[in-house]
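Colleague: Structure: target16.tsv, TSV, N, CA and C atoms.
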```tsv
chain	number	residue	atom	x	y	z
A	1	MET	N	-40.57	160.66	-133.54
A	1	MET	CA	-39.90	159.43	-133.12
A	1	MET	C	-40.93	158.45	-132.58
A	2	GLY	N	-40.81	157.18	-132.93
A	2	GLY	CA	-41.76	156.17	-132.50
A	2	GLY	C	-41.52	155.70	-131.07
A	3	LYS	N	-42.41	154.83	-130.64
A	3	LYS	CA	-42.29	154.27	-129.30
A	3	LYS	C	-41.04	153.41	-129.19
A	4	LEU	N	-40.48	153.38	-128.00
A	4	LEU	CA	-39.27	152.60	-127.75
A	4	LEU	C	-39.60	151.20	-127.25
A	5	TYR	N	-40.88	150.85	-127.23
A	5	TYR	CA	-41.29	149.55	-126.70
A	5	TYR	C	-42.62	149.14	-127.32
A	6	SER	N	-42.91	147.85	-127.21
A	6	SER	CA	-44.21	147.33	-127.63
A	6	SER	C	-44.58	146.15	-126.74
A	7	PHE	N	-45.88	145.90	-126.64
A	7	PHE	CA	-46.41	144.81	-125.83
A	7	PHE	C	-47.26	143.91	-126.72
A	8	LYS	N	-47.15	142.61	-126.49
A	8	LYS	CA	-48.00	141.67	-127.21
A	8	LYS	C	-48.42	140.59	-126.22
A	9	LEU	N	-49.71	140.44	-126.05
A	9	LEU	CA	-50.25	139.43	-125.14
A	9	LEU	C	-50.81	138.29	-125.97
A	10	ASP	N	-50.24	137.10	-125.84
A	10	ASP	CA	-50.72	135.91	-126.54
A	10	ASP	C	-51.40	135.02	-125.51
A	11	GLU	N	-52.71	135.18	-125.39
A	11	GLU	CA	-53.47	134.44	-124.38
A	11	GLU	C	-53.44	132.94	-124.64
A	12	GLU	N	-53.48	132.56	-125.91
A	12	GLU	CA	-53.49	131.14	-126.28
A	12	GLU	C	-52.21	130.42	-125.84
A	13	LYS	N	-51.06	131.05	-126.05
A	13	LYS	CA	-49.78	130.45	-125.68
A	13	LYS	C	-49.36	130.80	-124.26
A	14	GLY	N	-50.07	131.73	-123.64
A	14	GLY	CA	-49.72	132.14	-122.28
A	14	GLY	C	-48.42	132.90	-122.22
A	15	ILE	N	-48.23	133.80	-123.19
A	15	ILE	CA	-46.99	134.58	-123.25
A	15	ILE	C	-47.32	136.07	-123.32
A	16	PHE	N	-46.66	136.83	-122.47
A	16	PHE	CA	-46.71	138.29	-122.53
A	16	PHE	C	-45.34	138.71	-123.03
A	17	PHE	N	-45.29	139.22	-124.26
A	17	PHE	CA	-44.03	139.56	-124.92
A	17	PHE	C	-43.85	141.07	-124.89
A	18	VAL	N	-42.70	141.51	-124.41
A	18	VAL	CA	-42.38	142.93	-124.33
A	18	VAL	C	-41.09	143.15	-125.10
A	19	LYS	N	-41.10	144.14	-125.99
A	19	LYS	CA	-39.89	144.47	-126.74
A	19	LYS	C	-39.51	145.90	-126.39
A	20	VAL	N	-38.28	146.09	-125.96
A	20	VAL	CA	-37.77	147.43	-125.66
A	20	VAL	C	-36.50	147.67	-126.47
A	21	GLY	N	-36.32	148.90	-126.89
A	21	GLY	CA	-35.13	149.22	-127.66
A	21	GLY	C	-34.96	150.72	-127.77
A	22	GLY	N	-33.77	151.12	-128.13
A	22	GLY	CA	-33.50	152.55	-128.26
A	22	GLY	C	-32.93	153.13	-126.99
A	23	PHE	N	-32.88	154.44	-126.97
A	23	PHE	CA	-32.30	155.18	-125.84
A	23	PHE	C	-33.43	155.72	-124.98
A	24	PHE	N	-33.65	155.12	-123.82
A	24	PHE	CA	-34.71	155.53	-122.91
A	24	PHE	C	-34.29	156.74	-122.09
A	25	LYS	N	-35.17	157.71	-122.03
A	25	LYS	CA	-35.01	158.84	-121.12
A	25	LYS	C	-35.99	158.64	-119.98
A	26	GLU	N	-35.89	159.47	-118.97
A	26	GLU	CA	-36.72	159.31	-117.79
A	26	GLU	C	-38.21	159.32	-118.13
A	27	GLU	N	-38.64	160.23	-118.98
A	27	GLU	CA	-40.08	160.30	-119.33
A	27	GLU	C	-40.54	159.06	-120.08
A	28	ASP	N	-39.66	158.49	-120.93
A	28	ASP	CA	-40.00	157.24	-121.64
A	28	ASP	C	-40.21	156.11	-120.65
A	29	ALA	N	-39.34	156.03	-119.66
A	29	ALA	CA	-39.43	154.97	-118.66
A	29	ALA	C	-40.73	155.07	-117.86
A	30	LYS	N	-41.12	156.28	-117.49
A	30	LYS	CA	-42.34	156.48	-116.71
A	30	LYS	C	-43.57	156.02	-117.49
A	31	ILE	N	-43.64	156.37	-118.78
A	31	ILE	CA	-44.78	155.97	-119.61
A	31	ILE	C	-44.78	154.46	-119.80
A	32	TYR	N	-43.61	153.88	-120.04
A	32	TYR	CA	-43.50	152.43	-120.18
A	32	TYR	C	-44.04	151.73	-118.94
A	33	LEU	N	-43.59	152.17	-117.77
A	33	LEU	CA	-44.03	151.54	-116.52
A	33	LEU	C	-45.54	151.62	-116.35
A	34	SER	N	-46.12	152.74	-116.69
A	34	SER	CA	-47.56	152.93	-116.57
A	34	SER	C	-48.32	151.98	-117.50
A	35	GLU	N	-47.88	151.92	-118.75
A	35	GLU	CA	-48.56	151.05	-119.72
A	35	GLU	C	-48.38	149.57	-119.37
A	36	PHE	N	-47.19	149.20	-118.93
A	36	PHE	CA	-46.94	147.82	-118.52
A	36	PHE	C	-47.88	147.43	-117.38
A	37	GLN	N	-47.96	148.28	-116.36
A	37	GLN	CA	-48.79	147.99	-115.20
A	37	GLN	C	-50.26	147.91	-115.58
A	38	THR	N	-50.70	148.73	-116.50
A	38	THR	CA	-52.10	148.70	-116.96
A	38	THR	C	-52.44	147.34	-117.55
A	39	ILE	N	-51.54	146.80	-118.37
A	39	ILE	CA	-51.78	145.48	-118.97
A	39	ILE	C	-51.75	144.40	-117.90
A	40	VAL	N	-50.76	144.44	-117.02
A	40	VAL	CA	-50.64	143.42	-115.98
A	40	VAL	C	-51.89	143.39	-115.11
A	41	ASN	N	-52.49	144.54	-114.87
A	41	ASN	CA	-53.69	144.61	-114.05
A	41	ASN	C	-54.91	143.96	-114.70
A	42	THR	N	-54.82	143.67	-116.01
A	42	THR	CA	-55.96	143.07	-116.71
A	42	THR	C	-55.82	141.55	-116.87
A	43	ILE	N	-54.70	140.98	-116.43
A	43	ILE	CA	-54.45	139.54	-116.59
A	43	ILE	C	-54.10	138.91	-115.25
A	44	ASN	N	-54.02	137.58	-115.27
A	44	ASN	CA	-53.50	136.83	-114.13
A	44	ASN	C	-52.06	136.44	-114.50
A	45	PRO	N	-51.07	137.20	-114.04
A	45	PRO	CA	-49.69	136.96	-114.47
A	45	PRO	C	-49.18	135.55	-114.20
A	46	SER	N	-49.70	134.88	-113.19
A	46	SER	CA	-49.22	133.53	-112.88
A	46	SER	C	-49.54	132.53	-113.99
A	47	ARG	N	-50.36	132.92	-114.93
A	47	ARG	CA	-50.69	132.06	-116.08
A	47	ARG	C	-49.84	132.38	-117.31
A	48	TYR	N	-48.93	133.33	-117.18
A	48	TYR	CA	-48.16	133.81	-118.33
A	48	TYR	C	-46.65	133.73	-118.09
A	49	LYS	N	-45.97	133.44	-119.19
A	49	LYS	CA	-44.52	133.56	-119.23
A	49	LYS	C	-44.24	134.96	-119.77
A	50	LEU	N	-43.43	135.73	-119.06
A	50	LEU	CA	-43.06	137.06	-119.50
A	50	LEU	C	-41.73	136.97	-120.24
A	51	ILE	N	-41.73	137.42	-121.49
A	51	ILE	CA	-40.50	137.45	-122.28
A	51	ILE	C	-40.22	138.91	-122.61
A	52	ILE	N	-39.07	139.40	-122.17
A	52	ILE	CA	-38.68	140.77	-122.44
A	52	ILE	C	-37.51	140.74	-123.42
A	53	ASP	N	-37.75	141.27	-124.61
A	53	ASP	CA	-36.68	141.35	-125.61
A	53	ASP	C	-36.00	142.70	-125.45
A	54	ALA	N	-34.88	142.71	-124.77
A	54	ALA	CA	-34.11	143.94	-124.57
A	54	ALA	C	-32.88	143.97	-125.46
A	55	SER	N	-32.85	143.11	-126.48
A	55	SER	CA	-31.65	143.01	-127.32
A	55	SER	C	-31.32	144.32	-128.02
A	56	GLY	N	-32.33	145.15	-128.31
A	56	GLY	CA	-32.08	146.42	-128.99
A	56	GLY	C	-31.94	147.59	-128.05
A	57	GLN	N	-31.92	147.31	-126.76
A	57	GLN	CA	-31.82	148.38	-125.76
A	57	GLN	C	-30.45	149.03	-125.82
A	58	GLU	N	-30.45	150.35	-125.90
A	58	GLU	CA	-29.21	151.10	-125.87
A	58	GLU	C	-28.97	151.58	-124.46
A	59	GLU	N	-27.84	152.17	-124.26
A	59	GLU	CA	-27.51	152.75	-122.96
A	59	GLU	C	-28.64	153.67	-122.53
A	60	VAL	N	-28.94	153.68	-121.25
A	60	VAL	CA	-30.00	154.54	-120.75
A	60	VAL	C	-29.39	155.73	-120.02
A	61	ALA	N	-30.16	156.80	-119.94
A	61	ALA	CA	-29.70	157.98	-119.21
A	61	ALA	C	-29.50	157.61	-117.75
A	62	GLY	N	-28.55	158.26	-117.10
A	62	GLY	CA	-28.17	157.92	-115.73
A	62	GLY	C	-29.33	157.78	-114.76
A	63	GLN	N	-30.29	158.73	-114.78
A	63	GLN	CA	-31.39	158.67	-113.84
A	63	GLN	C	-32.35	157.52	-114.14
A	64	VAL	N	-32.28	156.94	-115.33
A	64	VAL	CA	-33.16	155.84	-115.70
A	64	VAL	C	-32.70	154.52	-115.09
A	65	VAL	N	-31.45	154.46	-114.62
A	65	VAL	CA	-30.95	153.24	-113.99
A	65	VAL	C	-31.85	152.86	-112.80
A	66	ASP	N	-32.27	153.84	-112.02
A	66	ASP	CA	-33.20	153.56	-110.92
A	66	ASP	C	-34.51	152.99	-111.45
A	67	ASP	N	-34.94	153.46	-112.62
A	67	ASP	CA	-36.17	152.93	-113.22
A	67	ASP	C	-35.97	151.48	-113.67
A	68	ILE	N	-34.76	151.13	-114.13
A	68	ILE	CA	-34.50	149.74	-114.51
A	68	ILE	C	-34.63	148.85	-113.28
A	69	ILE	N	-34.06	149.28	-112.18
A	69	ILE	CA	-34.17	148.51	-110.94
A	69	ILE	C	-35.63	148.39	-110.54
A	70	PHE	N	-36.37	149.48	-110.63
A	70	PHE	CA	-37.78	149.45	-110.27
A	70	PHE	C	-38.55	148.49	-111.16
A	71	VAL	N	-38.32	148.54	-112.47
A	71	VAL	CA	-39.07	147.68	-113.38
A	71	VAL	C	-38.69	146.21	-113.18
A	72	LEU	N	-37.43	145.92	-112.88
A	72	LEU	CA	-37.05	144.54	-112.58
A	72	LEU	C	-37.78	144.04	-111.33
A	73	LYS	N	-37.90	144.91	-110.33
A	73	LYS	CA	-38.67	144.54	-109.13
A	73	LYS	C	-40.14	144.36	-109.48
A	74	LEU	N	-40.67	145.22	-110.35
A	74	LEU	CA	-42.06	145.12	-110.79
A	74	LEU	C	-42.30	143.79	-111.50
A	75	TYR	N	-41.39	143.40	-112.39
A	75	TYR	CA	-41.51	142.12	-113.07
A	75	TYR	C	-41.57	140.99	-112.04
A	76	SER	N	-40.70	141.06	-111.03
A	76	SER	CA	-40.64	140.03	-110.00
A	76	SER	C	-41.91	139.96	-109.18
A	77	MET	N	-42.39	141.12	-108.75
A	77	MET	CA	-43.56	141.18	-107.87
A	77	MET	C	-44.86	140.81	-108.58
A	78	ALA	N	-44.88	140.87	-109.90
A	78	ALA	CA	-46.11	140.55	-110.64
A	78	ALA	C	-46.42	139.06	-110.62
A	79	ASN	N	-45.44	138.24	-110.21
A	79	ASN	CA	-45.64	136.78	-110.09
A	79	ASN	C	-45.97	136.08	-111.40
A	80	PHE	N	-45.20	136.41	-112.44
A	80	PHE	CA	-45.35	135.68	-113.70
A	80	PHE	C	-44.88	134.25	-113.50
A	81	LYS	N	-45.40	133.36	-114.32
A	81	LYS	CA	-45.01	131.95	-114.26
A	81	LYS	C	-43.51	131.80	-114.45
A	82	LYS	N	-42.96	132.58	-115.36
A	82	LYS	CA	-41.53	132.56	-115.65
A	82	LYS	C	-41.19	133.91	-116.28
A	83	ILE	N	-39.99	134.40	-116.00
A	83	ILE	CA	-39.53	135.65	-116.59
A	83	ILE	C	-38.24	135.37	-117.35
A	84	LEU	N	-38.25	135.72	-118.63
A	84	LEU	CA	-37.08	135.53	-119.48
A	84	LEU	C	-36.69	136.87	-120.09
A	85	VAL	N	-35.44	137.21	-120.00
A	85	VAL	CA	-34.95	138.49	-120.53
A	85	VAL	C	-33.88	138.21	-121.57
A	86	ILE	N	-34.12	138.72	-122.78
A	86	ILE	CA	-33.11	138.62	-123.82
A	86	ILE	C	-32.18	139.82	-123.61
A	87	ILE	N	-30.94	139.51	-123.28
A	87	ILE	CA	-30.01	140.56	-122.85
A	87	ILE	C	-29.65	141.50	-124.00
A	88	PRO	N	-29.41	142.76	-123.67
A	88	PRO	CA	-29.05	143.73	-124.71
A	88	PRO	C	-27.77	143.32	-125.44
A	89	SER	N	-27.74	143.62	-126.71
A	89	SER	CA	-26.53	143.32	-127.48
A	89	SER	C	-25.46	144.39	-127.28
A	90	SER	N	-25.88	145.59	-126.89
A	90	SER	CA	-24.93	146.67	-126.62
A	90	SER	C	-24.16	146.35	-125.34
A	91	PRO	N	-22.82	146.35	-125.40
A	91	PRO	CA	-22.03	146.03	-124.20
A	91	PRO	C	-22.33	146.96	-123.01
A	92	THR	N	-22.54	148.25	-123.29
A	92	THR	CA	-22.83	149.20	-122.22
A	92	THR	C	-24.17	148.89	-121.57
A	93	SER	N	-25.19	148.63	-122.39
A	93	SER	CA	-26.52	148.30	-121.86
A	93	SER	C	-26.48	146.99	-121.09
A	94	ARG	N	-25.76	146.03	-121.62
A	94	ARG	CA	-25.63	144.73	-120.96
A	94	ARG	C	-25.05	144.92	-119.56
A	95	MET	N	-24.02	145.74	-119.44
A	95	MET	CA	-23.38	146.00	-118.15
A	95	MET	C	-24.34	146.73	-117.22
A	96	GLN	N	-25.12	147.69	-117.75
A	96	GLN	CA	-26.09	148.40	-116.92
A	96	GLN	C	-27.11	147.43	-116.32
A	97	VAL	N	-27.61	146.52	-117.14
A	97	VAL	CA	-28.60	145.55	-116.66
A	97	VAL	C	-27.97	144.63	-115.62
A	98	ILE	N	-26.77	144.13	-115.89
A	98	ILE	CA	-26.09	143.25	-114.93
A	98	ILE	C	-25.88	143.96	-113.60
A	99	ASN	N	-25.47	145.22	-113.65
A	99	ASN	CA	-25.27	145.98	-112.41
A	99	ASN	C	-26.57	146.18	-111.65
A	100	CYS	N	-27.67	146.40	-112.37
A	100	CYS	CA	-28.97	146.56	-111.72
A	100	CYS	C	-29.43	145.26	-111.07
A	101	VAL	N	-29.24	144.15	-111.76
A	101	VAL	CA	-29.66	142.85	-111.22
A	101	VAL	C	-28.89	142.51	-109.95
A	102	ARG	N	-27.65	142.94	-109.87
A	102	ARG	CA	-26.83	142.67	-108.68
A	102	ARG	C	-27.41	143.35	-107.43
A	103	GLU	N	-28.21	144.40	-107.62
A	103	GLU	CA	-28.75	145.15	-106.49
A	103	GLU	C	-30.03	144.56	-105.92
A	104	ILE	N	-30.64	143.63	-106.65
A	104	ILE	CA	-31.92	143.05	-106.19
A	104	ILE	C	-31.88	141.53	-106.35
A	105	ILE	N	-32.88	140.88	-105.80
A	105	ILE	CA	-33.07	139.45	-106.04
A	105	ILE	C	-34.02	139.36	-107.22
A	106	PHE	N	-33.51	138.91	-108.35
A	106	PHE	CA	-34.31	138.86	-109.58
A	106	PHE	C	-34.45	137.41	-110.02
A	107	PRO	N	-35.69	136.91	-110.12
A	107	PRO	CA	-35.91	135.50	-110.46
A	107	PRO	C	-35.85	135.20	-111.97
A	108	GLY	N	-35.60	136.23	-112.77
A	108	GLY	CA	-35.61	136.02	-114.21
A	108	GLY	C	-34.41	135.26	-114.72
A	109	ILE	N	-34.58	134.73	-115.91
A	109	ILE	CA	-33.53	133.99	-116.60
A	109	ILE	C	-33.07	134.84	-117.78
A	110	PHE	N	-31.77	135.04	-117.89
A	110	PHE	CA	-31.23	135.82	-119.00
A	110	PHE	C	-30.81	134.88	-120.12
A	111	VAL	N	-31.24	135.21	-121.34
A	111	VAL	CA	-30.95	134.39	-122.51
A	111	VAL	C	-30.40	135.29	-123.62
A	112	ASP	N	-29.86	134.65	-124.65
A	112	ASP	CA	-29.22	135.40	-125.73
A	112	ASP	C	-30.10	135.67	-126.95
A	113	SER	N	-31.25	134.97	-127.07
A	113	SER	CA	-32.08	135.15	-128.27
A	113	SER	C	-33.55	134.89	-127.98
A	114	ILE	N	-34.38	135.38	-128.88
A	114	ILE	CA	-35.83	135.14	-128.79
A	114	ILE	C	-36.10	133.65	-128.88
A	115	GLU	N	-35.40	132.98	-129.78
A	115	GLU	CA	-35.60	131.54	-129.95
A	115	GLU	C	-35.32	130.78	-128.66
A	116	GLU	N	-34.25	131.17	-127.99
A	116	GLU	CA	-33.90	130.53	-126.72
A	116	GLU	C	-35.00	130.79	-125.68
A	117	ALA	N	-35.52	132.01	-125.63
A	117	ALA	CA	-36.58	132.36	-124.67
A	117	ALA	C	-37.82	131.51	-124.91
A	118	TYR	N	-38.22	131.36	-126.18
A	118	TYR	CA	-39.42	130.57	-126.48
A	118	TYR	C	-39.21	129.08	-126.24
A	119	SER	N	-37.95	128.63	-126.31
A	119	SER	CA	-37.69	127.20	-126.16
A	119	SER	C	-37.70	126.74	-124.70
A	120	ILE	N	-37.58	127.66	-123.77
A	120	ILE	CA	-37.55	127.30	-122.36
A	120	ILE	C	-38.97	127.00	-121.89
A	121	GLN	N	-39.14	125.81	-121.37
A	121	GLN	CA	-40.47	125.37	-120.94
A	121	GLN	C	-40.84	125.95	-119.59
A	122	ASP	N	-42.13	125.96	-119.33
A	122	ASP	CA	-42.64	126.51	-118.06
A	122	ASP	C	-42.22	125.74	-116.89
```
If you took the structure in this file and wrote it as C-alpha coordinates, what would it be?
Modeller:
Amino acid sequence: MGKLYSFKLDEEKGIFFVKVGGFFKEEDAKIYLSEFQTIVNTINPSRYKLIIDASGQEEVAGQVVDDIIFVLKLYSMANFKKILVIIPSSPTSRMQVINCVREIIFPGIFVDSIEEAYSIQD
(Lines of atoms letter the chains of each structure in order from A and count residues from 1; the text may use other names and numbers.)
(Lines give C-alpha, C1' and ligand atoms only; values in the text may rest on other atoms or scores of the structure.)
Protein backbone atom coordinates (compact mmCIF):
# COMPACT_ATOMS: atom_id res chain seq x y z
CA MET A 1 0.00 0.00 0.00
CA GLY A 2 1.31 3.46 -0.88
CA LYS A 3 1.67 6.52 1.27
CA LEU A 4 -1.50 8.23 2.40
CA TYR A 5 0.03 11.69 1.97
CA SER A 6 2.47 13.75 -0.06
CA PHE A 7 4.30 17.04 0.38
CA LYS A 8 5.27 19.57 -2.27
CA LEU A 9 7.20 22.73 -1.47
CA ASP A 10 6.99 25.45 -4.15
CA GLU A 11 9.56 28.01 -3.04
CA GLU A 12 8.93 30.26 -6.04
CA LYS A 13 5.19 30.62 -5.34
CA GLY A 14 5.59 30.42 -1.56
CA ILE A 15 3.26 27.44 -1.21
CA PHE A 16 3.66 24.31 0.89
CA PHE A 17 1.11 21.85 -0.51
CA VAL A 18 0.09 18.80 1.50
CA LYS A 19 -2.22 16.11 0.16
CA VAL A 20 -3.75 13.55 2.52
CA GLY A 21 -6.14 10.78 1.67
CA GLY A 22 -7.21 7.30 2.57
CA PHE A 23 -7.82 5.70 5.93
CA PHE A 24 -5.23 6.86 8.47
CA LYS A 25 -4.29 4.60 11.34
CA GLU A 26 -2.35 5.71 14.38
CA GLU A 27 1.04 4.67 12.97
CA ASP A 28 0.32 6.52 9.69
CA ALA A 29 -0.47 9.69 11.62
CA LYS A 30 2.76 9.48 13.65
CA ILE A 31 4.91 9.13 10.52
CA TYR A 32 3.02 11.95 8.79
CA LEU A 33 3.59 14.27 11.76
CA SER A 34 7.29 13.48 11.84
CA GLU A 35 7.80 14.08 8.12
CA PHE A 36 5.71 17.26 8.17
CA GLN A 37 7.73 18.67 11.08
CA THR A 38 11.02 17.78 9.36
CA ILE A 39 10.05 19.87 6.32
CA VAL A 40 8.74 22.77 8.41
CA ASN A 41 12.05 22.86 10.29
CA THR A 42 13.88 23.52 6.99
CA ILE A 43 11.80 26.57 5.93
CA ASN A 44 10.53 29.87 7.27
CA PRO A 45 6.78 29.10 7.45
CA SER A 46 5.82 32.78 7.65
CA ARG A 47 6.86 33.06 3.99
CA TYR A 48 4.54 30.24 2.88
CA LYS A 49 0.87 29.62 2.37
CA LEU A 50 0.02 26.12 3.62
CA ILE A 51 -2.58 24.33 1.51
CA ILE A 52 -3.82 21.00 2.83
CA ASP A 53 -5.85 18.95 0.38
CA ALA A 54 -7.88 16.66 2.61
CA SER A 55 -10.61 16.09 0.01
CA GLY A 56 -9.69 12.39 -0.28
CA GLN A 57 -9.44 11.84 3.47
CA GLU A 58 -11.56 8.97 4.70
CA GLU A 59 -12.80 8.39 8.19
CA VAL A 60 -9.93 7.97 10.62
CA ALA A 61 -9.56 5.41 13.37
CA GLY A 62 -10.89 6.62 16.72
CA GLN A 63 -7.50 7.13 18.37
CA VAL A 64 -6.33 9.20 15.38
CA VAL A 65 -8.86 11.95 16.22
CA ASP A 66 -6.44 13.17 18.90
CA ASP A 67 -3.75 13.24 16.21
CA ILE A 68 -6.00 15.40 14.00
CA ILE A 69 -6.34 17.88 16.85
CA PHE A 70 -2.59 17.78 17.41
CA VAL A 71 -1.79 18.34 13.73
CA LEU A 72 -4.27 21.24 13.50
CA LYS A 73 -2.49 22.81 16.48
CA LEU A 74 0.85 22.10 14.79
CA TYR A 75 -0.32 23.85 11.62
CA SER A 76 -1.37 26.85 13.74
CA MET A 77 1.81 27.04 15.81
CA ALA A 78 4.07 26.86 12.73
CA ASN A 79 3.00 30.44 11.86
CA PHE A 80 2.34 29.98 8.16
CA LYS A 81 1.34 33.10 6.26
CA LYS A 82 -2.06 31.52 5.62
CA ILE A 83 -3.55 28.07 6.16
CA LEU A 84 -6.13 26.71 3.74
CA VAL A 85 -7.77 23.32 4.14
CA ILE A 86 -9.73 21.65 1.38
CA ILE A 87 -12.40 19.85 3.37
CA PRO A 88 -12.91 16.11 2.98
CA SER A 89 -15.60 15.04 0.56
CA SER A 90 -16.56 12.12 2.81
CA PRO A 91 -19.40 13.26 5.12
CA THR A 92 -17.97 11.27 8.05
CA SER A 93 -14.48 12.73 7.62
CA ARG A 94 -15.91 16.21 7.19
CA MET A 95 -17.76 15.85 10.51
CA GLN A 96 -14.62 14.53 12.25
CA VAL A 97 -12.63 17.56 11.11
CA ILE A 98 -15.40 19.99 12.11
CA ASN A 99 -15.61 18.39 15.55
CA CYS A 100 -11.83 18.64 15.98
CA VAL A 101 -11.76 22.30 14.95
CA ARG A 102 -14.44 23.08 17.54
CA GLU A 103 -12.02 21.95 20.27
CA ILE A 104 -9.24 24.41 19.39
CA ILE A 105 -8.71 27.90 18.02
CA PHE A 106 -7.78 27.21 14.41
CA PRO A 107 -6.82 30.13 12.14
CA GLY A 108 -7.21 28.14 8.93
CA ILE A 109 -9.74 28.77 6.20
CA PHE A 110 -11.81 25.84 4.95
CA VAL A 111 -12.51 25.72 1.22
CA ASP A 112 -14.21 23.30 -1.15
CA SER A 113 -11.57 22.91 -3.90
CA ILE A 114 -7.90 23.23 -4.80
CA GLU A 115 -8.80 26.01 -7.22
CA GLU A 116 -10.48 27.97 -4.44
CA ALA A 117 -7.43 27.48 -2.18
CA TYR A 118 -5.03 28.78 -4.83
CA SER A 119 -7.29 31.74 -5.63
CA ILE A 120 -7.21 33.13 -2.09
CA GLN A 121 -4.59 35.83 -1.86
CA ASP A 122 -2.11 36.23 0.97
Colleague: Can you list every residue in region 24-122 of chain A that DSSP puts in strand (DSSP E), as a tab-separated table (two decimals) with N, CA and C atoms, keeping the file's coordinate frame?
Modeller:
```
chain	number	residue	atom	x	y	z
A	49	LYS	N	-45.97	133.44	-119.19
A	49	LYS	CA	-44.52	133.56	-119.23
A	49	LYS	C	-44.24	134.96	-119.77
A	50	LEU	N	-43.43	135.73	-119.06
A	50	LEU	CA	-43.06	137.06	-119.50
A	50	LEU	C	-41.73	136.97	-120.24
A	51	ILE	N	-41.73	137.42	-121.49
A	51	ILE	CA	-40.50	137.45	-122.28
A	51	ILE	C	-40.22	138.91	-122.61
A	52	ILE	N	-39.07	139.40	-122.17
A	52	ILE	CA	-38.68	140.77	-122.44
A	52	ILE	C	-37.51	140.74	-123.42
A	53	ASP	N	-37.75	141.27	-124.61
A	53	ASP	CA	-36.68	141.35	-125.61
A	53	ASP	C	-36.00	142.70	-125.45
A	54	ALA	N	-34.88	142.71	-124.77
A	54	ALA	CA	-34.11	143.94	-124.57
A	54	ALA	C	-32.88	143.97	-125.46
A	55	SER	N	-32.85	143.11	-126.48
A	55	SER	CA	-31.65	143.01	-127.32
A	55	SER	C	-31.32	144.32	-128.02
A	56	GLY	N	-32.33	145.15	-128.31
A	56	GLY	CA	-32.08	146.42	-128.99
A	56	GLY	C	-31.94	147.59	-128.05
A	57	GLN	N	-31.92	147.31	-126.76
A	57	GLN	CA	-31.82	148.38	-125.76
A	57	GLN	C	-30.45	149.03	-125.82
A	82	LYS	N	-42.96	132.58	-115.36
A	82	LYS	CA	-41.53	132.56	-115.65
A	82	LYS	C	-41.19	133.91	-116.28
A	83	ILE	N	-39.99	134.40	-116.00
A	83	ILE	CA	-39.53	135.65	-116.59
A	83	ILE	C	-38.24	135.37	-117.35
A	84	LEU	N	-38.25	135.72	-118.63
A	84	LEU	CA	-37.08	135.53	-119.48
A	84	LEU	C	-36.69	136.87	-120.09
A	85	VAL	N	-35.44	137.21	-120.00
A	85	VAL	CA	-34.95	138.49	-120.53
A	85	VAL	C	-33.88	138.21	-121.57
A	86	ILE	N	-34.12	138.72	-122.78
A	86	ILE	CA	-33.11	138.62	-123.82
A	86	ILE	C	-32.18	139.82	-123.61
A	109	ILE	N	-34.58	134.73	-115.91
A	109	ILE	CA	-33.53	133.99	-116.60
A	109	ILE	C	-33.07	134.84	-117.78
A	110	PHE	N	-31.77	135.04	-117.89
A	110	PHE	CA	-31.23	135.82	-119.00
A	110	PHE	C	-30.81	134.88	-120.12
A	111	VAL	N	-31.24	135.21	-121.34
A	111	VAL	CA	-30.95	134.39	-122.51
A	111	VAL	C	-30.40	135.29	-123.62
```
Colleague: Restricting the calculation to only N, CA and C atoms: of A:Asp122, A:Glu58, A:Glu27, A:Asp53, which residue gets closest to Lys81 (chain A)?
Modeller: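 Closest candidate: A:Asp122.
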Colleague: Can you pull out every residue within 7 Å of Lys19 (chain A), counting all atoms listed in the file, but drop anything in the same chain fewer than 2 positions away, and send it as a list in words?
Modeller: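 That gives Leu4, Tyr5, Ser6, Phe7, Lys8, Phe17, Gly21, Ile51, Ile52, Asp53 and Ala54 of chain A.
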Colleague: Which residue is closest to Ala78 (chain A)? Choose from A:Gln121, A:Thr38, A:Asn44, A:Ser113 and count all atoms listed in the file.
Modeller: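 Using all atoms listed in the file, the shortest distance to Ala78 (chain A) belongs to A:Asn44.
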Colleague: Between atom C of Glu35 (chain A) and atom C of Leu9 (chain A), what distance in Å does the model show, to one decimal?
Modeller: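 Atom-to-atom, atom C of Glu35 (chain A) to atom C of Leu9 (chain A), that is 13.3 Å.
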Colleague: Rounded to one decimal place, report the atom C of Tyr75 (chain A)-atom N of Phe106 (chain A) distance in Å.
Modeller: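 If I compute the distance from atom C of Tyr75 (chain A) to atom N of Phe106 (chain A), I get 9.1 Å.
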Colleague: For each of A:Ile43, A:Leu74, A:Ile15, A:Ile68, take the minimum atom-to-atom distance to Ala29 (chain A), counting all atoms listed in the file, then give the residue where this is smallest.
Modeller: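 Checking each of A:Ile43, A:Leu74, A:Ile15, A:Ile68 against Ala29 (chain A), counting all atoms listed in the file, the winner is A:Ile68.
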Colleague: Atom N of Gly108 (chain A) to atom N of Asn79 (chain A): how many Å, to one decimal?
Modeller: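 Between these atoms lies a distance of 10.4 Å.
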Colleague: Using only N, CA and C atoms, which of A:Glu103, A:Lys49, A:Gln57, A:Phe110 sits nearest Lys82 (chain A)?
Modeller: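 Selected residue with least distance to Lys82 (chain A): A:Lys49.
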Colleague: Excluding Gly14 (chain A) and residues on its chain fewer than 4 positions from it, collect all residues at most 7 Å away from it, counting only C-alpha atoms, and give them as an MDAnalysis selection string.
Modeller: chainID A and resid 10 47:49
Colleague: Provide an axis-aligned box for all listed atoms of region 114-122 of chain A, padding each side by 8 Å; report its centre and its edge lengths in Å to one decimal, as lines of an AutoDock Vina configuration file.
Modeller:
```
center_x = -38.3
center_y = 130.4
center_z = -123.4
size_x = 24.7
size_y = 26.0
size_z = 29.1
```
Colleague: Tell me which of A:Leu50, A:Ile105, A:Val65, A:Ile120 sits closest to Ile83 (chain A), counting only N, CA and C atoms.
Modeller: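 Under the stated criterion, the closest residue is A:Leu50.
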Colleague: If DSSP is run on the backbone, what residues of chain A are helix (DSSP H, G or I)? A reply as an NGL selection string would be ideal.
Modeller: :A and (26-40 or 45-47 or 64-77 or 91-102 or 114-119)
Colleague: Using only C-alpha atoms, find the one residue out of A:Asn99, A:Pro107, A:Asp67, A:Ser93 that sits nearest to Lys25 (chain A).
Modeller: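 Of A:Asn99, A:Pro107, A:Asp67, A:Ser93, the one nearest Lys25 (chain A), counting only C-alpha atoms, is A:Asp67.
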Colleague: For Pro91 (chain A), list every protein, DNA or RNA residue within 12 Å, evaluated using only C-alpha atoms, and leave out those in the same chain fewer than 6 positions away; present the list as an MDAnalysis selection string.
Modeller: chainID A and resid 55:59 97:98
